[in-house]
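Below is the file model.cif, which contains mmCIF, C-alpha atoms.
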data_final
loop_
_atom_site.label_atom_id
_atom_site.label_comp_id
_atom_site.auth_asym_id
_atom_site.auth_seq_id
_atom_site.Cartn_x
_atom_site.Cartn_y
_atom_site.Cartn_z
CA MET A 71 20.51 -28.29 64.34
CA THR A 72 18.76 -26.00 61.88
CA LEU A 73 21.01 -23.92 59.64
CA ASP A 74 20.46 -21.34 56.94
CA VAL A 75 22.83 -22.26 54.14
CA LEU A 76 23.61 -19.53 51.60
CA TYR A 77 25.23 -19.83 48.17
CA PHE A 78 26.86 -17.13 46.07
CA ALA A 79 28.13 -16.69 42.51
CA TRP A 80 28.53 -19.89 40.50
CA LEU A 81 27.75 -22.04 43.55
CA ARG A 82 24.35 -20.37 43.71
CA GLU A 83 23.86 -21.02 39.98
CA ARG A 84 24.90 -24.69 40.14
CA ILE A 85 22.78 -25.44 43.16
CA GLY A 86 19.90 -23.48 41.66
CA GLN A 87 18.92 -21.49 44.73
CA PRO A 88 20.45 -18.72 46.81
CA ARG A 89 19.65 -20.26 50.20
CA GLU A 90 18.04 -23.21 51.88
CA ARG A 91 17.18 -24.26 55.41
CA VAL A 92 18.96 -27.46 56.44
CA GLU A 93 18.55 -29.90 59.32
CA THR A 94 21.94 -31.43 60.08
CA ALA A 95 23.96 -33.19 62.76
CA ALA A 96 27.21 -31.90 61.24
CA THR A 97 29.71 -30.46 63.73
CA THR A 98 32.16 -28.94 61.23
CA VAL A 99 31.86 -27.16 57.90
CA ARG A 100 33.39 -30.19 56.21
CA ASP A 101 30.73 -32.47 57.69
CA LEU A 102 28.04 -30.10 56.54
CA ILE A 103 29.42 -30.20 53.00
CA ALA A 104 29.27 -34.00 53.06
CA ASP A 105 25.60 -33.80 54.12
CA LEU A 106 24.79 -31.27 51.40
CA ALA A 107 26.70 -33.12 48.65
CA ALA A 108 24.63 -36.22 49.39
CA ARG A 109 21.37 -34.38 48.69
CA ASP A 110 21.33 -34.54 44.88
CA ASP A 111 23.51 -34.34 41.78
CA TRP A 112 23.47 -30.55 41.72
CA HIS A 113 24.80 -30.28 45.24
CA ALA A 114 27.32 -33.02 44.54
CA ALA A 115 28.59 -31.21 41.44
CA ALA A 116 28.79 -27.85 43.22
CA PHE A 117 30.91 -29.31 46.00
CA SER A 118 33.03 -31.62 43.83
CA ASP A 119 36.19 -29.49 44.10
CA LEU A 120 36.66 -28.26 47.64
CA SER A 121 39.77 -26.27 46.70
CA ALA A 122 37.45 -23.91 44.80
CA ILE A 123 35.13 -23.37 47.79
CA ARG A 124 35.33 -20.71 50.47
CA CYS A 125 32.95 -20.38 53.40
CA ALA A 126 31.72 -18.14 56.16
CA VAL A 127 30.10 -19.17 59.44
CA ASP A 128 27.75 -16.54 60.83
CA GLN A 129 29.24 -14.01 58.39
CA GLN A 130 32.85 -14.58 59.45
CA LEU A 131 35.30 -16.21 57.05
CA ALA A 132 35.96 -19.77 58.17
CA ASP A 133 37.95 -22.88 57.24
CA LEU A 134 36.50 -26.19 56.16
CA ASP A 135 37.48 -27.57 59.54
CA SER A 136 35.86 -24.79 61.52
CA PRO A 137 33.32 -26.03 64.09
CA LEU A 138 29.70 -25.16 63.52
CA ALA A 139 29.01 -24.91 67.27
CA ASP A 140 25.94 -22.68 67.64
CA ALA A 141 26.05 -21.38 64.09
CA ARG A 142 22.84 -20.04 62.52
CA GLU A 143 24.07 -19.22 59.01
CA VAL A 144 26.71 -20.86 56.83
CA ALA A 145 27.62 -19.50 53.40
CA PHE A 146 29.51 -21.16 50.54
CA PHE A 147 31.07 -19.29 47.63
CA PRO A 148 34.03 -19.25 45.23
CA PRO A 149 37.20 -17.25 46.02
CA MET A 150 36.22 -13.61 46.35
CA THR A 151 36.92 -11.03 43.64
CA GLY A 152 36.30 -7.63 45.21
CA GLY A 153 38.05 -4.33 44.70
CA MET B 224 81.89 33.98 30.65
CA THR B 225 78.85 35.82 32.01
CA LEU B 226 76.53 33.79 34.23
CA ASP B 227 73.30 34.46 36.08
CA VAL B 228 73.75 32.93 39.53
CA LEU B 229 70.57 32.27 41.54
CA TYR B 230 70.18 31.53 45.24
CA PHE B 231 67.25 29.95 47.03
CA ALA B 232 66.07 29.43 50.63
CA TRP B 233 68.70 30.05 53.32
CA LEU B 234 71.43 30.49 50.71
CA ARG B 235 69.49 33.44 49.35
CA GLU B 236 69.12 34.83 52.86
CA ARG B 237 72.78 34.43 53.78
CA ILE B 238 74.03 35.96 50.57
CA GLY B 239 71.45 38.70 50.83
CA GLN B 240 70.19 38.65 47.25
CA PRO B 241 68.23 36.22 45.06
CA ARG B 242 70.50 36.52 42.00
CA GLU B 243 73.57 38.20 40.66
CA ARG B 244 75.34 38.44 37.33
CA VAL B 245 78.88 37.04 37.51
CA GLU B 246 81.92 37.24 35.24
CA THR B 247 83.96 34.08 35.70
CA ALA B 248 86.55 31.87 34.06
CA ALA B 249 85.30 28.85 36.05
CA THR B 250 84.84 25.68 34.01
CA THR B 251 83.03 23.60 36.66
CA VAL B 252 80.45 24.30 39.34
CA ARG B 253 83.12 23.71 41.98
CA ASP B 254 85.39 26.35 40.40
CA LEU B 255 82.49 28.77 40.30
CA ILE B 256 81.85 28.23 44.00
CA ALA B 257 85.51 29.04 44.73
CA ASP B 258 85.16 32.30 42.77
CA LEU B 259 81.95 33.21 44.58
CA ALA B 260 83.22 32.30 48.03
CA ALA B 261 86.16 34.67 47.49
CA ARG B 262 83.83 37.63 46.94
CA ASP B 263 83.04 38.51 50.56
CA ASP B 264 82.32 37.07 53.98
CA TRP B 265 78.65 36.46 53.22
CA HIS B 266 79.43 34.36 50.17
CA ALA B 267 82.19 32.58 52.05
CA ALA B 268 79.81 31.73 54.91
CA ALA B 269 77.06 30.58 52.56
CA PHE B 270 79.41 28.18 50.78
CA SER B 271 81.31 27.02 53.88
CA ASP B 272 79.70 23.54 53.96
CA LEU B 273 79.47 22.11 50.47
CA SER B 274 77.67 18.98 51.72
CA ALA B 275 74.66 21.21 52.38
CA ILE B 276 74.62 22.70 48.87
CA ARG B 277 72.77 21.47 45.81
CA CYS B 278 72.92 23.06 42.39
CA ALA B 279 71.34 23.26 38.98
CA VAL B 280 72.97 24.27 35.71
CA ASP B 281 70.51 25.77 33.23
CA GLN B 282 67.65 24.45 35.36
CA GLN B 283 68.88 20.84 35.40
CA LEU B 284 70.12 19.30 38.64
CA ALA B 285 73.91 19.02 38.51
CA ASP B 286 76.88 17.86 40.58
CA LEU B 287 79.62 20.06 41.95
CA ASP B 288 81.92 18.61 39.31
CA SER B 289 79.55 19.27 36.43
CA PRO B 290 81.11 21.34 33.63
CA LEU B 291 79.69 24.80 33.06
CA ALA B 292 80.32 24.60 29.29
CA ASP B 293 77.91 27.07 27.69
CA ALA B 294 75.79 27.51 30.79
CA ARG B 295 73.76 30.72 31.17
CA GLU B 296 72.22 30.18 34.60
CA VAL B 297 73.53 28.38 37.67
CA ALA B 298 71.47 28.03 40.84
CA PHE B 299 72.55 27.11 44.37
CA PHE B 300 70.22 25.94 47.11
CA PRO B 301 69.89 23.61 50.10
CA PRO B 302 68.54 20.07 49.74
CA MET B 303 65.00 20.28 48.40
CA THR B 304 61.93 19.76 50.56
CA GLY B 305 59.00 19.44 48.18
CA GLY B 306 55.90 17.30 48.36
CA MET C 236 49.31 14.39 31.66
CA SER C 237 50.27 17.71 33.15
CA ALA C 238 52.22 19.43 35.89
CA ARG C 239 51.31 22.82 37.37
CA VAL C 240 52.77 25.11 40.01
CA HIS C 241 50.79 28.00 41.45
CA SER C 242 49.95 29.70 44.70
CA ALA C 243 46.16 29.40 44.45
CA PRO C 244 44.37 26.46 46.09
CA PHE C 245 43.39 23.51 43.92
CA ASP C 246 40.27 21.38 43.96
CA LEU C 247 40.94 17.65 43.90
CA ALA C 248 37.53 16.95 42.42
CA ALA C 249 38.08 19.41 39.57
CA GLU C 250 41.53 17.93 38.93
CA LEU C 251 40.02 14.47 38.64
CA ALA C 252 37.16 15.40 36.30
CA GLY C 253 37.85 13.38 33.16
CA PHE C 254 41.14 12.15 34.60
CA GLY C 255 42.36 8.69 33.67
CA SER C 256 39.67 7.80 31.17
CA GLY C 257 40.09 4.15 30.17
CA ALA C 258 42.17 3.27 33.23
CA GLY C 259 41.23 0.55 35.70
CA ALA C 260 43.01 2.07 38.69
CA ILE C 261 43.41 5.66 39.85
CA VAL C 262 45.54 6.64 42.85
CA THR C 263 45.77 10.11 44.33
CA PHE C 264 48.05 11.50 46.98
CA THR C 265 47.31 14.82 48.65
CA GLY C 266 49.72 16.53 51.04
CA VAL C 267 48.23 18.82 53.68
CA VAL C 268 49.90 21.34 56.01
CA ARG C 269 49.95 19.53 59.35
CA ASP C 270 50.58 21.02 62.77
CA ASP C 271 52.01 18.47 65.17
CA THR C 272 52.86 20.79 68.03
CA GLY C 273 50.17 23.48 68.05
CA ALA C 274 52.86 26.09 67.32
CA LEU C 275 52.65 26.15 63.52
CA ALA C 276 50.68 28.86 61.73
CA ALA C 277 51.66 28.21 58.13
CA LEU C 278 54.22 26.87 55.69
CA GLU C 279 55.91 29.19 53.25
CA ILE C 280 57.03 27.39 50.13
CA GLU C 281 59.68 28.89 47.88
CA HIS C 282 60.40 27.41 44.47
CA TYR C 283 62.52 27.95 41.38
CA PRO C 284 60.21 29.31 38.66
CA GLY C 285 60.96 27.75 35.32
CA MET C 286 62.95 24.84 36.65
CA THR C 287 60.07 23.63 38.83
CA GLU C 288 57.68 23.17 35.93
CA ARG C 289 60.39 21.48 33.89
CA ALA C 290 61.37 19.10 36.71
CA LEU C 291 57.78 18.11 37.50
CA SER C 292 57.05 17.44 33.83
CA ASP C 293 60.21 15.34 33.54
CA TYR C 294 59.32 13.25 36.59
CA GLY C 295 55.76 12.80 35.33
CA ARG C 296 56.98 11.58 31.97
CA GLN C 297 59.49 9.23 33.61
CA ALA C 298 56.77 7.74 35.80
CA ALA C 299 54.43 7.39 32.81
CA GLU C 300 57.03 5.43 30.88
CA ARG C 301 58.22 3.29 33.77
CA PHE C 302 54.76 2.30 35.04
CA ALA C 303 52.84 2.45 31.72
CA LEU C 304 50.51 5.12 33.04
CA THR C 305 47.51 6.07 30.98
CA ASP C 306 47.36 9.48 32.70
CA TRP C 307 49.13 11.49 35.40
CA ARG C 308 48.82 14.89 37.01
CA ILE C 309 50.96 16.87 39.42
CA VAL C 310 49.83 20.07 41.11
CA HIS C 311 52.09 21.84 43.62
CA ARG C 312 51.47 25.13 45.39
CA HIS C 313 53.95 27.73 46.54
CA GLY C 314 53.68 30.76 48.81
CA ARG C 315 52.11 30.94 52.26
CA LEU C 316 49.89 27.97 53.11
CA PRO C 317 48.08 27.97 56.47
CA VAL C 318 47.70 24.80 58.53
CA GLY C 319 45.06 22.56 56.96
CA ASP C 320 45.67 23.81 53.42
CA GLN C 321 46.43 21.36 50.65
CA ILE C 322 50.08 21.62 49.56
CA MET C 323 50.19 19.39 46.51
CA MET C 324 48.67 16.40 44.80
CA VAL C 325 49.68 13.70 42.39
CA ALA C 326 47.25 11.48 40.53
CA THR C 327 48.19 8.39 38.54
CA ALA C 328 46.05 6.21 36.28
CA ALA C 329 47.02 2.76 35.05
CA ARG C 330 45.40 -0.43 33.90
CA HIS C 331 46.26 -2.21 37.15
CA ARG C 332 46.39 -1.04 40.72
CA HIS C 333 49.99 -1.94 41.58
CA ALA C 334 51.29 0.26 38.77
CA ALA C 335 49.10 3.17 39.86
CA PHE C 336 50.20 2.82 43.51
CA GLN C 337 53.86 2.47 42.64
CA ALA C 338 53.84 5.42 40.25
CA ALA C 339 52.27 7.70 42.87
CA ASP C 340 54.81 6.57 45.46
CA TYR C 341 57.65 7.06 42.95
CA LEU C 342 56.49 10.56 42.06
CA MET C 343 56.27 11.52 45.72
CA ASP C 344 59.82 10.33 46.30
CA TRP C 345 61.07 12.47 43.42
CA LEU C 346 59.04 15.49 44.46
CA LYS C 347 60.25 15.31 48.05
CA SER C 348 63.97 15.30 47.21
CA ARG C 349 64.45 16.40 43.60
CA ALA C 350 61.90 19.11 42.86
CA PRO C 351 63.11 22.66 43.63
CA PHE C 352 60.84 23.53 46.54
CA TRP C 353 61.94 24.71 49.97
CA LYS C 354 59.60 24.78 52.95
CA ARG C 355 59.78 27.22 55.83
CA GLU C 356 57.68 26.83 58.97
CA ILE C 357 56.08 30.00 60.29
CA GLY C 358 55.08 29.86 63.95
CA HIS C 359 52.18 31.65 65.62
CA ASP C 360 54.88 33.83 67.20
CA GLY C 361 56.12 34.82 63.74
CA ALA C 362 59.35 32.84 63.99
CA ALA C 363 60.46 31.22 60.72
CA ARG C 364 62.51 28.05 60.38
CA TRP C 365 63.65 26.30 57.20
CA VAL C 366 62.57 22.65 57.11
CA ASP C 367 65.53 20.27 56.86
CA ALA C 368 65.54 17.59 54.20
CA LYS C 369 65.09 14.12 55.68
CA ALA C 370 67.61 11.35 55.19
CA SER C 371 64.62 8.99 55.00
CA ASP C 372 63.35 10.84 51.91
CA GLU C 373 66.72 10.43 50.25
CA ASP C 374 66.72 6.73 51.18
CA ALA C 375 63.21 6.34 49.76
CA LEU C 376 64.41 7.70 46.42
CA ALA C 377 67.18 5.10 46.29
CA ARG C 378 64.56 2.34 46.12
CA TRP C 379 63.78 3.02 42.46
CA MET D 155 35.86 6.17 59.43
CA SER D 156 33.16 4.34 57.55
CA ALA D 157 32.43 1.56 55.08
CA ARG D 158 29.47 1.55 52.70
CA VAL D 159 28.08 -0.84 50.10
CA HIS D 160 25.45 0.26 47.62
CA SER D 161 24.54 0.06 43.96
CA ALA D 162 24.34 3.83 43.29
CA PRO D 163 27.37 5.68 41.93
CA PHE D 164 29.54 7.60 44.38
CA ASP D 165 31.24 10.96 44.00
CA LEU D 166 34.88 10.95 45.06
CA ALA D 167 34.79 14.69 45.73
CA ALA D 168 31.78 14.35 48.02
CA GLU D 169 33.42 11.44 49.82
CA LEU D 170 36.52 13.53 50.49
CA ALA D 171 34.69 16.65 51.74
CA GLY D 172 35.93 17.01 55.31
CA PHE D 173 37.85 13.75 55.07
CA GLY D 174 41.09 13.36 57.00
CA SER D 175 40.98 16.64 58.88
CA GLY D 176 44.29 17.09 60.71
CA ALA D 177 46.14 14.56 58.56
CA GLY D 178 49.27 15.39 56.60
CA ALA D 179 48.78 12.76 53.90
CA ILE D 180 45.68 11.51 52.12
CA VAL D 181 45.73 8.64 49.63
CA THR D 182 42.79 7.51 47.53
CA PHE D 183 42.39 4.50 45.31
CA THR D 184 39.53 4.28 42.81
CA GLY D 185 38.77 1.16 40.81
CA VAL D 186 37.08 1.62 37.44
CA VAL D 187 35.44 -0.93 35.11
CA ARG D 188 38.03 -1.41 32.38
CA ASP D 189 37.52 -3.01 28.99
CA ASP D 190 40.76 -4.47 27.64
CA THR D 191 39.32 -6.31 24.66
CA GLY D 192 36.46 -4.20 23.36
CA ALA D 193 34.07 -7.06 24.16
CA LEU D 194 33.03 -6.05 27.67
CA ALA D 195 29.75 -4.22 28.27
CA ALA D 196 29.58 -4.25 32.05
CA LEU D 197 30.53 -5.96 35.28
CA GLU D 198 27.88 -7.45 37.51
CA ILE D 199 28.94 -7.53 41.13
CA GLU D 200 27.24 -9.85 43.59
CA HIS D 201 27.86 -9.54 47.32
CA TYR D 202 26.79 -11.00 50.65
CA PRO D 203 24.54 -8.42 52.32
CA GLY D 204 25.28 -8.14 56.01
CA MET D 205 28.62 -9.85 55.88
CA THR D 206 30.03 -7.35 53.38
CA GLU D 207 29.47 -4.34 55.60
CA ARG D 208 30.87 -6.21 58.58
CA ALA D 209 33.98 -7.36 56.70
CA LEU D 210 34.74 -3.91 55.26
CA SER D 211 34.36 -2.29 58.68
CA ASP D 212 36.65 -4.90 60.22
CA TYR D 213 39.34 -4.35 57.56
CA GLY D 214 39.08 -0.58 57.94
CA ARG D 215 39.51 -0.81 61.69
CA GLN D 216 42.46 -3.19 61.30
CA ALA D 217 44.16 -0.79 58.87
CA ALA D 218 43.47 2.17 61.16
CA GLU D 219 45.14 0.43 64.06
CA ARG D 220 48.07 -0.98 62.13
CA PHE D 221 48.95 2.24 60.28
CA ALA D 222 47.76 4.78 62.87
CA LEU D 223 45.25 6.26 60.45
CA THR D 224 43.47 9.46 61.43
CA ASP D 225 40.64 8.64 59.03
CA TRP D 226 39.59 6.00 56.49
CA ARG D 227 36.70 5.37 54.16
CA ILE D 228 35.64 2.45 51.99
CA VAL D 229 32.86 2.62 49.40
CA HIS D 230 32.07 -0.41 47.24
CA ARG D 231 29.29 -0.76 44.68
CA HIS D 232 27.35 -3.84 43.67
CA GLY D 233 25.00 -4.59 40.79
CA ARG D 234 25.51 -3.89 37.10
CA LEU D 235 28.33 -1.42 36.38
CA PRO D 236 28.96 -0.41 32.76
CA VAL D 237 32.50 0.04 31.41
CA GLY D 238 33.96 3.30 32.70
CA ASP D 239 31.94 3.28 35.94
CA GLN D 240 33.67 3.57 39.28
CA ILE D 241 33.55 0.25 41.18
CA MET D 242 34.92 1.22 44.57
CA MET D 243 37.19 3.54 46.45
CA VAL D 244 39.29 3.56 49.56
CA ALA D 245 40.68 6.69 51.18
CA THR D 246 43.25 6.74 53.97
CA ALA D 247 44.53 9.66 56.03
CA ALA D 248 47.64 9.59 58.19
CA ARG D 249 50.26 11.94 59.56
CA HIS D 250 52.86 10.69 57.11
CA ARG D 251 52.67 9.60 53.51
CA HIS D 252 54.14 6.11 53.82
CA ALA D 253 51.47 5.09 56.32
CA ALA D 254 48.70 6.46 54.09
CA PHE D 255 50.08 4.68 51.01
CA GLN D 256 50.62 1.41 52.83
CA ALA D 257 47.18 1.45 54.43
CA ALA D 258 45.47 2.00 51.06
CA ASP D 259 47.48 -0.82 49.51
CA TYR D 260 46.72 -3.08 52.50
CA LEU D 261 42.98 -2.36 52.28
CA MET D 262 42.98 -3.11 48.57
CA ASP D 263 44.66 -6.46 49.17
CA TRP D 264 42.03 -7.39 51.75
CA LEU D 265 39.15 -6.18 49.59
CA LYS D 266 40.38 -8.11 46.55
CA SER D 267 40.59 -11.49 48.28
CA ARG D 268 38.68 -11.35 51.56
CA ALA D 269 35.60 -9.21 51.02
CA PRO D 270 32.52 -11.15 49.84
CA PHE D 271 32.16 -9.76 46.33
CA TRP D 272 32.03 -11.76 43.11
CA LYS D 273 32.46 -10.18 39.71
CA ARG D 274 30.87 -11.39 36.50
CA GLU D 275 31.80 -10.00 33.10
CA ILE D 276 28.91 -9.28 30.76
CA GLY D 277 29.86 -9.10 27.07
CA HIS D 278 28.23 -6.99 24.39
CA ASP D 279 26.85 -10.30 23.11
CA GLY D 280 25.16 -10.91 26.46
CA ALA D 281 27.51 -13.74 27.45
CA ALA D 282 28.33 -13.81 31.18
CA ARG D 283 31.52 -15.17 32.71
CA TRP D 284 32.53 -15.26 36.39
CA VAL D 285 35.88 -13.58 36.99
CA ASP D 286 38.45 -15.95 38.48
CA ALA D 287 40.36 -14.92 41.58
CA LYS D 288 44.02 -14.25 40.82
CA ALA D 289 46.84 -16.06 42.53
CA SER D 290 48.72 -12.75 42.47
CA ASP D 291 46.02 -11.16 44.65
CA GLU D 292 46.38 -13.98 47.16
CA ASP D 293 50.15 -13.54 47.10
CA ALA D 294 49.77 -9.80 47.64
CA LEU D 295 47.76 -10.45 50.79
CA ALA D 296 50.53 -12.63 52.18
CA ARG D 297 52.85 -9.60 52.28
CA TRP D 298 51.16 -8.15 55.37
#
Let me see the file written as structure tokens.
Amino acid sequence: MTLDVLYFAWLRERIGQPRERVETAATTVRDLIADLAARDDWHAAAFSDLSAIRCAVDQQLADLDSPLADAREVAFFPPMTGG
Amino acid sequence: MTLDVLYFAWLRERIGQPRERVETAATTVRDLIADLAARDDWHAAAFSDLSAIRCAVDQQLADLDSPLADAREVAFFPPMTGG
Amino acid sequence: MSARVHSAPFDLAAELAGFGSGAGAIVTFTGVVRDDTGALAALEIEHYPGMTERALSDYGRQAAERFALTDWRIVHRHGRLPVGDQIMMVATAARHRHAAFQAADYLMDWLKSRAPFWKREIGHDGAARWVDAKASDEDALARW
Amino acid sequence: MSARVHSAPFDLAAELAGFGSGAGAIVTFTGVVRDDTGALAALEIEHYPGMTERALSDYGRQAAERFALTDWRIVHRHGRLPVGDQIMMVATAARHRHAAFQAADYLMDWLKSRAPFWKREIGHDGAARWVDAKASDEDALARW
């Protein structure tokens, strides 16, 4: 499966790019994180503390255990600070 | 003691005037009401249900048992409906 | 930090120009004459000149102290207000949003039940009816 | 009934022109860039284009249904916002005041913790620091 993976805020800074296209066999968000963390030290560092990570699948907030199913776009970011 | 007594809303309508000057020996609001209610049928009717009456002494909200002391102005009115 | 009572309309935008400088959170409440039944033409609002200004200023100062407001404003109209007209507004400014929300809510509770205003509904047929105070407004005040 | 995200300033008065027609109660909340220490120059707000608009519209619709709103509006800015600038606003209109207050408070709780915005503080010295989410904001959301 081909996914667009997006990063925001300090995740974007640590990984060094705002988005990347990823080929993966992951079936859940958590699996996808494992794939990404294995890519290089920057990815590994960015995903080292999962309690600090939030995600969205196809622009809907999701859990780490959410299925990827037919997802096109997955985003990772720190807890939101709007308002 | 000479007092200006003011009436608002339906109390004003029932008594038929917005204010009157009153000579009284009353020492509390409740005593003053007794004096006023004895004046005529309109006053008596207006003060027939004390649970529906609120008052202010010198423009400060007061209880029926508040002392009149050196008061100059006492106002009677129904429960307020501001906002 | 001011309270005003007058019959003329007010302009929320003008009231908020320069309001709450330095605050992080500004809350406004605006009350509007609402017609639920199609029978209402206007509200007529009577008040107690002199006491009204004093009461509103007192409540504003109490809210400012209790919720550490950096600014507050109360404007309340009296007289005949047709359906759709603004009746009154409060604005509160504080460092944080919960204080600003709570202070506006607090002021509304005091204004509803402890400010010397009396509303009368005027129907399209000319009939006039004094609005009864609501037990729920009295209950709301007891929260504080 | 609308949600907007843009970098340009907004004008509360213009946002409220014609807002909430037929409502009895209108509440607004405005968030302003606040400098508590004298060291802050600006906030930089990053967001997730596409998702942001969708999330704000969803939260507005949820609030409208839950609190029977007659109107609602959300405006949120992104980009660099100097101290004193307005960050965002919500406006809610309902028949009664408690619904309007609660809906504005509800929307703020959702915006704080569930809308894809991230704030960074920029000091006068140029230093940048991501703002941490507050546990109290998460707790506030759990009220609903």
Give as a list in words the residues that the PyMOL selection byres ((chain B and resi 258-267) around 9) matches when applied to the coordinates above. Leu234, Arg237, Ile238, Gly239, Val245, Thr247, Ala248, Ala249, Arg253, Asp254, Leu255, Ile256, Ala257, Ala268, Ala269, Phe270 and Ser271 of chain B
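The space between atom CA of D:Ala167 and atom CA of C:Ala248 spans 4.9 Å.
Nearest residue to chain A among C:Lys347, C:Lys369, C:His331, C:Arg312 is C:His331, counting all atoms listed in the file.
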Explicit residues for the PyMOL selection byres ((chain C) within 12 of (chain A)) (as number ranges by chain): C: 259-260, 331-332
Between D:Gly233, D:Gly238, D:Gly277, D:Pro203, which is the closest to C:Ala258 once you count all atoms listed in the file? D:Gly238
Non-local contacts of stretch 274-285 of chain B (7 Å; only C-alpha atoms; under 4 positions in same chain excluded) as a ChimeraX atom specification: /B:289,294-302 /C:286
Go ahead and write the selection's residues with C-alpha atoms as a short mmCIF file (atom, residue, chain, number, x, y, z; two decimals), keeping the file's coordinate frame.
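Output file result-v5.cif is given in full below:
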data_model
loop_
_atom_site.label_atom_id
_atom_site.label_comp_id
_atom_site.auth_asym_id
_atom_site.auth_seq_id
_atom_site.Cartn_x
_atom_site.Cartn_y
_atom_site.Cartn_z
CA SER B 289 79.55 19.27 36.43
CA ALA B 294 75.79 27.51 30.79
CA ARG B 295 73.76 30.72 31.17
CA GLU B 296 72.22 30.18 34.60
CA VAL B 297 73.53 28.38 37.67
CA ALA B 298 71.47 28.03 40.84
CA PHE B 299 72.55 27.11 44.37
CA PHE B 300 70.22 25.94 47.11
CA PRO B 301 69.89 23.61 50.10
CA PRO B 302 68.54 20.07 49.74
CA MET C 286 62.95 24.84 36.65
#
Mind filling out stretch 117-129 of chain A with N, CA, C and O atoms and sending it as a compact mmCIF listing (two decimals), in the frame of the given file?
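The result, written out as result.txt:
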# COMPACT_ATOMS: atom_id res chain seq x y z
N PHE A 117 29.89 -29.10 44.97
CA PHE A 117 30.91 -29.31 46.00
C PHE A 117 31.98 -30.31 45.57
O PHE A 117 32.71 -30.83 46.41
N SER A 118 32.10 -30.57 44.27
CA SER A 118 33.03 -31.62 43.83
C SER A 118 34.49 -31.22 44.00
O SER A 118 35.35 -32.07 44.19
N ASP A 119 34.79 -29.92 43.94
CA ASP A 119 36.19 -29.49 44.10
C ASP A 119 36.29 -28.53 45.27
O ASP A 119 36.06 -27.34 45.15
N LEU A 120 36.66 -29.08 46.42
CA LEU A 120 36.66 -28.26 47.64
C LEU A 120 37.72 -27.16 47.61
O LEU A 120 37.60 -26.17 48.33
N SER A 121 38.74 -27.32 46.76
CA SER A 121 39.77 -26.27 46.70
C SER A 121 39.20 -24.99 46.11
O SER A 121 39.78 -23.91 46.27
N ALA A 122 38.05 -25.09 45.43
CA ALA A 122 37.45 -23.91 44.80
C ALA A 122 36.36 -23.29 45.68
O ALA A 122 35.66 -22.37 45.26
N ILE A 123 36.22 -23.81 46.91
CA ILE A 123 35.13 -23.37 47.79
C ILE A 123 35.68 -22.59 48.98
O ILE A 123 36.66 -22.99 49.62
N ARG A 124 35.05 -21.46 49.25
CA ARG A 124 35.33 -20.71 50.47
C ARG A 124 34.05 -20.68 51.29
O ARG A 124 32.96 -20.89 50.74
N CYS A 125 34.17 -20.39 52.59
CA CYS A 125 32.95 -20.38 53.40
C CYS A 125 33.01 -19.35 54.51
O CYS A 125 34.08 -18.85 54.88
N ALA A 126 31.84 -19.03 55.00
CA ALA A 126 31.72 -18.14 56.16
C ALA A 126 30.72 -18.76 57.12
O ALA A 126 29.71 -19.34 56.69
N VAL A 127 31.01 -18.71 58.41
CA VAL A 127 30.10 -19.17 59.44
C VAL A 127 29.62 -17.94 60.22
O VAL A 127 30.46 -17.18 60.75
N ASP A 128 28.33 -17.74 60.21
CA ASP A 128 27.75 -16.54 60.83
C ASP A 128 28.47 -15.27 60.37
O ASP A 128 28.83 -14.39 61.17
N GLN A 129 28.70 -15.20 59.05
CA GLN A 129 29.24 -14.01 58.39
C GLN A 129 30.69 -13.70 58.75
O GLN A 129 31.15 -12.57 58.56
